[in-house]
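> So that you have it, the file is work-v7.txt, and it contains compact mmCIF, C-alpha atoms:
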```txt
# COMPACT_ATOMS: atom_id res chain seq x y z
CA MET A 1 -190.71 161.75 -102.42
CA ASN A 2 -188.95 163.56 -105.20
CA VAL A 3 -185.48 162.22 -106.10
CA GLN A 4 -183.07 163.91 -108.45
CA VAL A 5 -180.54 161.50 -109.95
CA ARG A 6 -177.35 162.83 -111.51
CA LEU A 7 -176.33 161.05 -114.69
CA PHE A 8 -172.86 160.66 -116.22
CA ALA A 9 -171.11 159.24 -119.26
CA ALA A 10 -173.15 156.68 -121.24
CA ALA A 11 -176.19 157.12 -118.95
CA ARG A 12 -176.16 160.89 -119.41
CA GLN A 13 -175.86 160.44 -123.14
CA ALA A 14 -178.70 157.86 -123.19
CA ALA A 15 -181.00 160.18 -121.24
CA GLY A 16 -179.98 163.25 -123.21
CA ARG A 17 -179.55 165.23 -119.98
CA ASP A 18 -177.43 165.26 -116.84
CA ARG A 19 -180.12 164.69 -114.25
CA LEU A 20 -183.45 162.90 -114.00
CA GLU A 21 -186.24 163.74 -111.57
CA LEU A 22 -188.29 160.80 -110.27
CA GLU A 23 -191.17 160.38 -107.85
CA LEU A 24 -190.51 157.44 -105.48
CA PRO A 25 -192.32 156.24 -102.32
CA ASP A 26 -190.93 157.71 -99.08
CA GLY A 27 -188.17 155.46 -97.71
CA ALA A 28 -187.49 153.94 -101.15
CA THR A 29 -184.23 152.05 -101.49
CA ILE A 30 -181.43 152.25 -104.05
CA GLY A 31 -182.69 148.90 -105.40
CA GLN A 32 -186.11 150.42 -106.09
CA LEU A 33 -184.49 153.40 -107.76
CA ARG A 34 -182.37 151.05 -109.89
CA ARG A 35 -185.47 149.22 -111.17
CA ARG A 36 -187.29 152.47 -111.82
CA LEU A 37 -184.38 153.91 -113.81
CA GLY A 38 -184.35 150.76 -115.92
CA GLU A 39 -187.87 151.64 -116.97
CA GLU A 40 -187.01 155.29 -117.61
CA LEU A 41 -184.01 154.47 -119.79
CA PRO A 42 -185.09 151.40 -121.75
CA GLY A 43 -182.28 149.89 -123.78
CA PHE A 44 -179.81 150.74 -121.01
CA SER A 45 -180.99 148.17 -118.48
CA GLY A 46 -177.64 146.31 -118.80
CA LEU A 47 -175.66 149.42 -117.91
CA ILE A 48 -178.04 150.30 -115.09
CA ALA A 49 -177.91 146.77 -113.68
CA ARG A 50 -174.14 146.93 -113.31
CA ALA A 51 -173.85 150.62 -112.38
CA MET A 52 -173.30 151.73 -108.83
CA PHE A 53 -175.16 154.46 -107.04
CA ALA A 54 -173.78 157.16 -104.79
CA VAL A 55 -175.77 158.82 -102.03
CA ASP A 56 -174.22 162.07 -100.89
CA MET A 57 -171.00 161.03 -102.69
CA GLN A 58 -170.69 157.66 -100.90
CA TYR A 59 -171.19 154.38 -102.78
CA ALA A 60 -174.45 152.81 -101.61
CA LEU A 61 -175.80 149.27 -101.49
CA ASP A 62 -179.16 148.35 -103.03
CA ALA A 63 -180.65 147.84 -99.57
CA GLN A 64 -179.87 151.40 -98.50
CA GLN A 65 -182.80 153.76 -98.07
CA ILE A 66 -182.58 157.11 -99.81
CA PRO A 67 -182.79 159.98 -97.32
CA VAL A 68 -185.05 162.88 -98.28
CA GLY A 69 -183.03 165.61 -99.99
CA ALA A 70 -179.95 163.40 -100.58
CA GLU A 71 -177.79 163.89 -103.66
CA VAL A 72 -178.13 160.68 -105.64
CA ALA A 73 -175.96 159.75 -108.63
CA LEU A 74 -175.89 156.86 -111.06
CA ILE A 75 -172.26 155.76 -111.40
CA PRO A 76 -171.57 153.58 -114.46
CA PRO A 77 -168.43 151.42 -114.14
CA VAL A 78 -165.64 153.97 -113.95
CA SER A 79 -162.85 154.25 -116.52
CA GLY A 80 -160.53 156.99 -115.30
CA GLY A 81 -156.79 156.73 -114.97
CA MET B 1 -96.70 138.31 -115.09
CA ASN B 2 -97.44 141.97 -114.63
CA VAL B 3 -101.00 142.80 -113.54
CA GLN B 4 -102.45 146.29 -113.40
CA VAL B 5 -105.39 146.58 -111.01
CA ARG B 6 -107.76 149.52 -111.30
CA LEU B 7 -108.87 150.93 -107.95
CA PHE B 8 -112.06 152.82 -107.10
CA ALA B 9 -113.74 154.60 -104.21
CA ALA B 10 -112.38 153.72 -100.74
CA ALA B 11 -109.67 151.45 -102.23
CA ARG B 12 -108.47 154.20 -104.56
CA GLN B 13 -108.39 156.62 -101.69
CA ALA B 14 -106.53 154.12 -99.46
CA ALA B 15 -103.89 153.52 -102.13
CA GLY B 16 -103.63 157.20 -103.03
CA ARG B 17 -103.83 156.32 -106.74
CA ASP B 18 -106.25 154.80 -109.24
CA ARG B 19 -104.22 151.75 -110.30
CA LEU B 20 -101.67 149.42 -108.77
CA GLU B 21 -99.10 147.40 -110.66
CA LEU B 22 -98.25 143.97 -109.24
CA GLU B 23 -95.98 141.10 -110.24
CA LEU B 24 -97.83 137.74 -109.93
CA PRO B 25 -96.94 134.19 -111.03
CA ASP B 26 -98.19 133.31 -114.52
CA GLY B 27 -101.66 131.78 -114.31
CA ALA B 28 -102.35 133.42 -110.94
CA THR B 29 -105.97 133.47 -109.79
CA ILE B 30 -108.21 136.26 -108.52
CA GLY B 31 -107.89 134.66 -105.07
CA GLN B 32 -104.11 135.05 -105.18
CA LEU B 33 -104.49 138.66 -106.32
CA ARG B 34 -106.92 139.29 -103.48
CA ARG B 35 -104.40 138.04 -100.88
CA ARG B 36 -101.60 140.03 -102.47
CA LEU B 37 -103.64 143.25 -102.47
CA GLY B 38 -104.39 142.73 -98.77
CA GLU B 39 -100.65 142.92 -98.18
CA GLU B 40 -100.22 145.99 -100.42
CA LEU B 41 -103.02 147.92 -98.73
CA PRO B 42 -102.72 146.98 -95.04
CA GLY B 43 -105.58 148.31 -92.95
CA PHE B 44 -108.00 147.69 -95.82
CA SER B 45 -108.03 143.91 -95.61
CA GLY B 46 -111.69 143.98 -94.54
CA LEU B 47 -112.72 145.97 -97.62
CA ILE B 48 -110.57 143.81 -99.90
CA ALA B 49 -111.99 140.61 -98.41
CA ARG B 50 -115.54 141.63 -99.30
CA ALA B 51 -114.77 143.40 -102.57
CA MET B 52 -115.41 141.79 -105.94
CA PHE B 53 -113.03 141.71 -108.85
CA ALA B 54 -113.80 142.30 -112.50
CA VAL B 55 -111.76 140.80 -115.33
CA ASP B 56 -112.35 142.56 -118.61
CA MET B 57 -115.46 144.16 -117.07
CA GLN B 58 -117.04 140.86 -115.97
CA TYR B 59 -117.36 139.92 -112.30
CA ALA B 60 -114.95 137.08 -111.58
CA LEU B 61 -114.78 134.31 -108.98
CA ASP B 62 -111.69 133.76 -106.81
CA ALA B 63 -110.92 130.52 -108.67
CA GLN B 64 -110.67 132.29 -112.04
CA GLN B 65 -107.22 132.60 -113.58
CA ILE B 66 -106.15 136.04 -114.74
CA PRO B 67 -105.38 136.05 -118.49
CA VAL B 68 -102.23 137.90 -119.52
CA GLY B 69 -103.07 141.47 -120.51
CA ALA B 70 -106.56 141.41 -118.98
CA GLU B 71 -108.04 144.55 -117.45
CA VAL B 72 -108.46 143.79 -113.77
CA ALA B 73 -110.43 145.96 -111.34
CA LEU B 74 -111.08 145.84 -107.62
CA ILE B 75 -114.80 146.50 -107.11
CA PRO B 76 -115.72 147.47 -103.54
CA PRO B 77 -119.40 146.84 -102.69
CA VAL B 78 -121.25 149.22 -104.98
CA SER B 79 -123.45 152.07 -103.75
CA GLY B 80 -124.93 153.71 -106.82
CA GLY B 81 -128.59 154.52 -107.41
CA MET C 1 -130.94 154.13 -123.66
CA ILE C 2 -128.37 154.68 -120.94
CA ARG C 3 -126.30 157.66 -119.93
CA LEU C 4 -123.70 158.61 -117.30
CA THR C 5 -123.48 162.35 -116.81
CA HIS C 6 -121.82 164.99 -114.64
CA ASP C 7 -124.64 167.44 -115.45
CA PRO C 8 -127.87 167.80 -113.46
CA ILE C 9 -130.56 165.36 -114.57
CA ASP C 10 -133.71 166.92 -116.03
CA PRO C 11 -136.63 164.53 -115.36
CA ALA C 12 -138.71 166.06 -118.18
CA THR C 13 -136.08 165.07 -120.74
CA VAL C 14 -135.97 161.50 -119.42
CA ILE C 15 -139.77 161.22 -119.56
CA GLN C 16 -139.80 162.67 -123.07
CA ALA C 17 -137.37 159.98 -124.20
CA VAL C 18 -139.81 157.17 -123.35
CA CYS C 19 -143.10 158.73 -124.48
CA ALA C 20 -144.58 157.09 -127.58
CA SER C 21 -148.02 156.57 -129.07
CA ALA C 22 -147.80 152.84 -128.29
CA ALA C 23 -147.35 153.59 -124.58
CA GLY C 24 -150.27 153.83 -122.16
CA ALA C 25 -148.12 153.98 -119.04
CA VAL C 26 -144.89 155.68 -118.03
CA VAL C 27 -143.14 155.00 -114.72
CA LEU C 28 -140.31 157.30 -113.68
CA PHE C 29 -138.10 156.61 -110.68
CA LEU C 30 -135.84 159.31 -109.29
CA GLY C 31 -133.23 158.70 -106.62
CA THR C 32 -132.65 161.98 -104.82
CA VAL C 33 -130.07 163.03 -102.25
CA ARG C 34 -131.67 162.74 -98.84
CA GLU C 35 -130.67 165.04 -96.03
CA LYS C 36 -130.76 162.44 -93.25
CA THR C 37 -129.62 158.83 -93.07
CA GLY C 38 -130.34 157.57 -89.59
CA ARG C 39 -129.10 160.38 -87.35
CA ARG C 40 -126.42 161.70 -89.69
CA ILE C 41 -126.99 164.86 -91.70
CA THR C 42 -125.69 164.72 -95.27
CA SER C 43 -124.51 167.97 -96.81
CA SER C 44 -123.47 166.60 -100.22
CA LEU C 45 -122.47 163.43 -102.11
CA GLU C 46 -119.77 162.47 -104.57
CA TYR C 47 -120.45 159.73 -107.11
CA GLU C 48 -117.55 157.89 -108.71
CA CYS C 49 -117.73 155.06 -111.24
CA TYR C 50 -115.82 152.57 -113.33
CA ALA C 51 -117.27 154.18 -116.45
CA GLU C 52 -116.71 151.55 -119.14
CA MET C 53 -118.00 148.74 -116.94
CA ALA C 54 -120.90 150.82 -115.53
CA GLU C 55 -122.08 151.55 -119.07
CA LYS C 56 -121.77 147.89 -119.99
CA LYS C 57 -123.71 146.76 -116.91
CA LEU C 58 -126.45 149.36 -117.43
CA ALA C 59 -126.83 148.29 -121.06
CA GLU C 60 -127.07 144.64 -119.95
CA LEU C 61 -129.77 145.54 -117.41
CA GLU C 62 -131.76 147.47 -120.03
CA ALA C 63 -131.51 144.51 -122.42
CA GLU C 64 -132.59 142.06 -119.72
CA GLY C 65 -135.50 144.33 -118.73
CA ARG C 66 -136.66 144.51 -122.34
CA ALA C 67 -136.43 140.72 -122.60
CA ARG C 68 -138.43 140.14 -119.42
CA TRP C 69 -141.18 142.72 -119.89
CA PRO C 70 -143.02 144.04 -122.97
CA LEU C 71 -141.59 147.55 -122.86
CA VAL C 72 -142.05 150.35 -125.34
CA GLU C 73 -139.03 152.41 -124.24
CA CYS C 74 -136.52 152.48 -121.40
CA MET C 75 -134.04 155.12 -120.32
CA ILE C 76 -131.55 155.07 -117.44
CA VAL C 77 -129.45 158.10 -116.49
CA HIS C 78 -126.96 158.11 -113.59
CA ARG C 79 -125.35 161.25 -112.28
CA LEU C 80 -121.65 161.42 -111.35
CA GLY C 81 -119.52 163.89 -109.42
CA HIS C 82 -120.72 166.33 -106.77
CA LEU C 83 -124.42 166.43 -105.77
CA GLU C 84 -126.22 168.64 -103.30
CA VAL C 85 -129.14 167.60 -101.09
CA GLY C 86 -132.33 167.34 -103.15
CA GLN C 87 -130.56 166.68 -106.46
CA THR C 88 -131.29 163.62 -108.57
CA SER C 89 -128.65 160.87 -108.61
CA VAL C 90 -130.47 158.43 -110.87
CA ALA C 91 -133.48 158.57 -113.20
CA ILE C 92 -135.12 155.48 -114.66
CA ALA C 93 -138.03 155.86 -117.07
CA VAL C 94 -139.92 152.91 -118.52
CA SER C 95 -142.94 152.98 -120.81
CA SER C 96 -145.26 150.13 -121.80
CA ALA C 97 -148.72 149.62 -123.26
CA HIS C 98 -150.13 148.73 -119.82
CA ARG C 99 -148.99 149.82 -116.38
CA ARG C 100 -147.90 146.59 -114.71
CA PRO C 101 -144.73 145.97 -116.77
CA ALA C 102 -143.62 149.60 -116.38
CA PHE C 103 -143.91 149.43 -112.57
CA GLU C 104 -142.32 145.99 -112.29
CA CYS C 105 -139.42 146.70 -114.62
CA GLY C 106 -138.75 150.14 -113.08
CA GLN C 107 -138.51 148.62 -109.63
CA TRP C 108 -136.40 145.71 -110.83
CA LEU C 109 -133.98 148.08 -112.61
CA ILE C 110 -133.26 150.21 -109.56
CA ASP C 111 -132.88 147.09 -107.39
CA ARG C 112 -130.36 145.59 -109.84
CA ILE C 113 -128.50 148.88 -110.38
CA LYS C 114 -127.86 149.01 -106.64
CA GLU C 115 -126.51 145.46 -106.75
CA VAL C 116 -124.30 145.22 -109.83
CA VAL C 117 -123.39 148.57 -111.41
CA PRO C 118 -119.88 149.75 -110.37
CA ILE C 119 -120.82 153.18 -109.04
CA TRP C 120 -119.92 154.36 -105.54
CA LYS C 121 -120.97 157.27 -103.43
CA LYS C 122 -119.13 159.19 -100.75
CA GLU C 123 -121.29 160.97 -98.21
CA ASN C 124 -120.03 164.32 -96.98
CA TYR C 125 -121.63 164.92 -93.61
CA ALA C 126 -122.56 168.23 -92.04
CA ASP C 127 -120.06 167.56 -89.23
CA GLY C 128 -117.19 167.72 -91.73
CA THR C 129 -116.50 163.98 -91.92
CA SER C 130 -117.04 161.86 -95.00
CA ASP C 131 -117.47 158.17 -95.77
CA TRP C 132 -117.47 155.95 -98.79
CA VAL C 133 -120.73 154.04 -98.65
CA HIS C 134 -120.10 150.36 -99.27
CA ALA C 135 -122.94 147.90 -99.06
CA ASP C 136 -122.75 145.46 -96.16
CA PRO C 137 -120.84 142.16 -96.36
CA GLY C 138 -124.07 140.33 -97.09
CA ASN C 139 -123.79 141.50 -100.69
CA PRO C 140 -124.68 138.40 -102.70
CA ILE C 141 -122.68 139.00 -105.86
CA ARG C 142 -119.96 136.41 -106.27
CA GLY C 143 -118.82 135.96 -109.83
CA GLU C 144 -120.48 136.75 -113.14
CA GLU C 145 -123.08 134.00 -112.85
CA MET C 146 -125.06 136.29 -110.54
CA MET D 1 -152.49 167.13 -103.01
CA ILE D 2 -155.11 166.40 -105.63
CA ARG D 3 -156.24 168.26 -108.72
CA LEU D 4 -158.72 167.83 -111.57
CA THR D 5 -157.83 169.96 -114.57
CA HIS D 6 -158.84 170.66 -118.16
CA ASP D 7 -155.31 171.88 -118.94
CA PRO D 8 -152.45 169.69 -120.15
CA ILE D 9 -150.53 168.06 -117.28
CA ASP D 10 -146.88 169.08 -116.93
CA PRO D 11 -145.00 166.16 -115.34
CA ALA D 12 -142.18 168.45 -114.16
CA THR D 13 -144.61 170.45 -112.03
CA VAL D 14 -146.02 167.29 -110.46
CA ILE D 15 -142.52 165.99 -109.65
CA GLN D 16 -141.55 169.37 -108.20
CA ALA D 17 -144.55 169.20 -105.87
CA VAL D 18 -143.26 166.04 -104.15
CA CYS D 19 -139.52 166.78 -104.02
CA ALA D 20 -138.23 167.44 -100.50
CA SER D 21 -134.96 167.06 -98.61
CA ALA D 22 -136.45 164.20 -96.58
CA ALA D 23 -137.15 162.22 -99.78
CA GLY D 24 -134.65 159.77 -101.24
CA ALA D 25 -137.05 158.36 -103.83
CA VAL D 26 -139.68 159.77 -106.15
CA VAL D 27 -141.98 157.56 -108.22
CA LEU D 28 -144.05 159.20 -110.95
CA PHE D 29 -146.75 157.35 -112.86
CA LEU D 30 -148.21 158.82 -116.04
CA GLY D 31 -151.21 157.40 -117.82
CA THR D 32 -150.96 158.41 -121.47
CA VAL D 33 -153.40 158.10 -124.37
CA ARG D 34 -152.46 155.01 -126.35
CA GLU D 35 -153.06 154.85 -130.08
CA LYS D 36 -154.19 151.22 -130.18
CA THR D 37 -156.42 149.14 -127.94
CA GLY D 38 -156.62 145.66 -129.38
CA ARG D 39 -157.17 146.29 -133.08
CA ARG D 40 -158.94 149.62 -132.75
CA ILE D 41 -157.16 152.89 -133.48
CA THR D 42 -157.93 155.68 -131.03
CA SER D 43 -157.82 159.22 -132.39
CA SER D 44 -158.75 161.05 -129.18
CA LEU D 45 -160.41 160.67 -125.77
CA GLU D 46 -162.94 162.64 -123.75
CA TYR D 47 -162.82 162.43 -119.94
CA GLU D 48 -165.90 163.32 -117.91
CA CYS D 49 -166.26 163.21 -114.13
CA TYR D 50 -168.53 163.69 -111.17
CA ALA D 51 -166.27 166.45 -109.94
CA GLU D 52 -167.25 166.83 -106.29
CA MET D 53 -167.21 163.07 -105.68
CA ALA D 54 -164.04 162.48 -107.73
CA GLU D 55 -162.22 165.07 -105.61
CA LYS D 56 -163.55 163.48 -102.43
CA LYS D 57 -162.50 159.97 -103.54
CA LEU D 58 -159.04 161.13 -104.63
CA ALA D 59 -158.55 162.87 -101.29
CA GLU D 60 -159.62 159.69 -99.48
CA LEU D 61 -157.14 157.62 -101.52
CA GLU D 62 -154.33 160.07 -100.78
CA ALA D 63 -155.16 159.92 -97.05
CA GLU D 64 -155.29 156.12 -97.10
CA GLY D 65 -151.97 155.96 -98.98
CA ARG D 66 -150.35 158.24 -96.41
CA ALA D 67 -151.74 156.07 -93.61
CA ARG D 68 -150.46 152.82 -95.17
CA TRP D 69 -146.99 153.95 -96.29
CA PRO D 70 -144.44 156.36 -94.79
CA LEU D 71 -144.69 158.98 -97.53
CA VAL D 72 -143.04 162.36 -97.69
CA GLU D 73 -145.37 163.88 -100.30
CA CYS D 74 -148.08 162.73 -102.67
CA MET D 75 -149.73 164.46 -105.62
CA ILE D 76 -152.47 163.18 -107.94
CA VAL D 77 -153.61 165.12 -111.01
CA HIS D 78 -156.34 163.88 -113.38
CA ARG D 79 -157.03 165.48 -116.73
CA LEU D 80 -160.58 166.13 -118.00
CA GLY D 81 -162.07 167.01 -121.36
CA HIS D 82 -160.53 166.35 -124.77
CA LEU D 83 -157.16 164.52 -125.04
CA GLU D 84 -155.10 163.64 -128.09
CA VAL D 85 -152.99 160.50 -128.50
CA GLY D 86 -149.80 160.78 -126.44
CA GLN D 87 -151.22 163.24 -123.91
CA THR D 88 -151.22 162.53 -120.19
CA SER D 89 -154.55 161.61 -118.58
CA VAL D 90 -153.31 161.06 -115.04
CA ALA D 91 -150.13 161.84 -113.10
CA ILE D 92 -149.36 160.36 -109.69
CA ALA D 93 -146.20 161.36 -107.87
CA VAL D 94 -145.16 159.90 -104.54
CA SER D 95 -141.99 160.59 -102.57
CA SER D 96 -140.59 158.72 -99.58
CA ALA D 97 -137.29 158.32 -97.73
CA HIS D 98 -136.71 154.90 -99.33
CA ARG D 99 -137.91 153.55 -102.67
CA ARG D 100 -140.17 150.65 -101.72
CA PRO D 101 -143.07 152.71 -100.26
CA ALA D 102 -143.02 155.11 -103.22
CA PHE D 103 -143.32 152.25 -105.73
CA GLU D 104 -145.94 150.34 -103.74
CA CYS D 105 -148.11 153.36 -102.99
CA GLY D 106 -147.87 154.68 -106.57
CA GLN D 107 -149.04 151.37 -107.97
CA TRP D 108 -151.78 151.03 -105.37
CA LEU D 109 -153.06 154.56 -106.09
CA ILE D 110 -153.47 154.02 -109.83
CA ASP D 111 -155.12 150.62 -109.21
CA ARG D 112 -157.60 152.17 -106.79
CA ILE D 113 -158.25 155.25 -108.95
CA LYS D 114 -159.31 152.93 -111.75
CA GLU D 115 -161.69 151.15 -109.37
CA VAL D 116 -163.39 153.84 -107.34
CA VAL D 117 -163.00 157.38 -108.70
CA PRO D 118 -166.05 158.53 -110.73
CA ILE D 119 -164.27 159.49 -113.94
CA TRP D 120 -165.21 158.08 -117.35
CA LYS D 121 -163.58 158.13 -120.73
CA LYS D 122 -165.08 158.07 -124.18
CA GLU D 123 -162.85 156.73 -126.94
CA ASN D 124 -163.13 158.42 -130.32
CA TYR D 125 -161.89 155.94 -132.89
CA ALA D 126 -160.20 156.67 -136.19
CA ASP D 127 -163.16 155.06 -138.01
CA GLY D 128 -165.46 157.83 -136.76
CA THR D 129 -167.25 155.79 -134.09
CA SER D 130 -166.98 156.41 -130.36
CA ASP D 131 -167.66 154.44 -127.17
CA TRP D 132 -167.94 155.15 -123.50
CA VAL D 133 -165.50 152.79 -121.83
CA HIS D 134 -167.14 151.08 -118.90
CA ALA D 135 -165.23 148.46 -116.95
CA ASP D 136 -166.60 144.93 -117.27
CA PRO D 137 -169.38 143.58 -115.03
CA GLY D 138 -166.81 141.87 -112.83
CA ASN D 139 -166.21 145.26 -111.19
CA PRO D 140 -166.03 144.40 -107.49
CA ILE D 141 -167.33 147.60 -105.94
CA ARG D 142 -170.63 147.09 -104.18
CA GLY D 143 -171.37 149.63 -101.55
CA GLU D 144 -169.11 151.95 -99.58
CA GLU D 145 -167.57 149.19 -97.45
CA MET D 146 -165.31 148.44 -100.40
```
In structure tokens, write the structure found in this file.

Amino acid sequence: MNVQVRLFAAARQAAGRDRLELELPDGATIGQLRRRLGEELPGFSGLIARAMFAVDMQYALDAQQIPVGAEVALIPPVSGG
Amino acid sequence: MNVQVRLFAAARQAAGRDRLELELPDGATIGQLRRRLGEELPGFSGLIARAMFAVDMQYALDAQQIPVGAEVALIPPVSGG
Amino acid sequence: MIRLTHDPIDPATVIQAVCASAAGAVVLFLGTVREKTGRRITSSLEYECYAEMAEKKLAELEAEGRARWPLVECMIVHRLGHLEVGQTSVAIAVSSAHRRPAFECGQWLIDRIKEVVPIWKKENYADGTSDWVHADPGNPIRGEEM
Amino acid sequence: MIRLTHDPIDPATVIQAVCASAAGAVVLFLGTVREKTGRRITSSLEYECYAEMAEKKLAELEAEGRARWPLVECMIVHRLGHLEVGQTSVAIAVSSAHRRPAFECGQWLIDRIKEVVPIWKKENYADGTSDWVHADPGNPIRGEEM
């Protein structure tokens, strides 16, 4: 399946764009996406390892499967406030 | 000695003025002043019993002697803020 | 900085007084005149104080707050005289590099003001009666050592 | 009430939004841009966010705050874009009948905002370098159950 991942802050800057399109097996999990992104953005594996992911604007665990058509976002440790 | 006691809030209103002049024995204590004021303002003995006193703008215990010429004030329980 | 005033308190001015480039956090507390206390409806308040001692006590509290927490700035303003419902009776602004000291000191200051500063309020109720508000007999202050 | 804005935050407007005759206490927290962090001198900040999710998370925090404390009103405003030293990045105002809930909820809201709301800041330092600030790996959030 095709997954679009929104990127923010340091990850967006590392990728040079604000979303990344990836091809993943149907029923892939957030954990699989995390590993795959580490390959796509080499040099940012540390950030990606400690980032969270959001699926449809809810924080998601690595075990969670990504539904087809979901909005997925890579959420580096936040620093608002 | 002559002691002037400043009055505030309910005590001021009860006395109808903002200070009271009393004659007390030399070396009288705050405790003696407290009893004497209870007689001067009958009907307000409850308030006077739980009020504090300040001597020269410092809270004072009943055992403290009143120095000649000190500024003495009856401080009903405060309600600022 | 401390101030007793008969004029309305402008929160923006109090905030401005504690803003500084060393501050990352500002906490402002406002006490405002509430319409209801229990079942009674308040129409207005009168604040009276023992001015010289109130200023001395407020300055002591500011100094103690600055000694206990790493503050950047601190300002306390207390209103006196006649206040309508919704008006501000007290404003406390504290700034610090990080947020924890500003919150802790702000809360400590209003707690202590209500315990030791010689200021009194009279509530004027909508039914035409009025009462001096005096804290209950459990008030713990007994002598300057408190 | 929640708001994300690229315009400067006016604290007076935020206070006004939570004032009400049922409120006896207002607590306002301002996060402001500090000049120094450790030994580094900050010249400006950039705030970026995941807007739709940040609004959702802020609304959830406001709802949880209202469920946990007896609030009268609550307003949270977060600034985005370019900020100079001294400017306000976040304003949280909470009003309640008594002061304790306003202090507790205000402090809880800023703590939680810094943990869960997808907003990021980039520090531009006086030496010409800049860094995205990302909380340390000890960040406890793992999955929505947090």
> Determine, counting only C-alpha atoms, which protein, DNA and RNA residues have an atom within 6 Å of an atom of region 95-103 of chain C; residues of the same chain fewer than 3 positions away are not included. Present the result as a short mmCIF file (atom, residue, chain, number, x, y, z; two decimals) with C-alpha atoms, keeping the file's coordinate frame.

```cif
data_model
loop_
_atom_site.label_atom_id
_atom_site.label_comp_id
_atom_site.auth_asym_id
_atom_site.auth_seq_id
_atom_site.Cartn_x
_atom_site.Cartn_y
_atom_site.Cartn_z
CA VAL C 18 -139.81 157.17 -123.35
CA ALA C 23 -147.35 153.59 -124.58
CA GLY C 24 -150.27 153.83 -122.16
CA ALA C 25 -148.12 153.98 -119.04
CA VAL C 26 -144.89 155.68 -118.03
CA VAL C 27 -143.14 155.00 -114.72
CA TRP C 69 -141.18 142.72 -119.89
CA LEU C 71 -141.59 147.55 -122.86
CA VAL C 72 -142.05 150.35 -125.34
CA GLU C 73 -139.03 152.41 -124.24
CA GLY C 106 -138.75 150.14 -113.08
#
```
> Could the centre and edge lengths of an axis-aligned box, enclosing all atoms of region 58-75 of chain D in the file with 4 Å extra on each side, be given in Å to one decimal as AutoDock Vina command-line options?

```
--center_x -151.3 --center_y 158.6 --center_z -99.6 --size_x 24.6 --size_y 19.6 --size_z 20.0
```
> Counting all atoms listed in the file, what is within 6 Å of region 41-49 of chain C, bar same-chain residues fewer than 3 positions away, as a VMD selection string?
chain C and resid 35 to 36 80 to 85 118 to 126
> Could you please determine the separation between CA of Lys56 (chain C) and CA of Ala60 (chain B) in Å, to one decimal place?
15.3 Å
> Please identify all polymer residues within 9 Å of Ala14 (chain B), counting only C-alpha atoms, omitting same-chain residues fewer than 5 positions from it, and present them as an MDAnalysis selection string.
chainID B and resid 9 41 43:44
> I want to know what sits within 10 Å of Glu64 (chain C), based on only C-alpha atoms, with residues of the same chain fewer than 6 positions away left out; could you give that as a VMD selection string?
chain C and resid 58 105 109
> Can you spit out the residues from that selection as a PDB file, keeping the file's coordinate frame, using C-alpha atoms?

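File produced: again28.pdb:
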```pdb
ATOM      1  CA  LEU C  58    -126.450 149.360-117.430  1.00  0.00           C
ATOM      2  CA  CYS C 105    -139.420 146.700-114.620  1.00  0.00           C
ATOM      3  CA  LEU C 109    -133.980 148.080-112.610  1.00  0.00           C
TER       4      LEU C 109
END
```
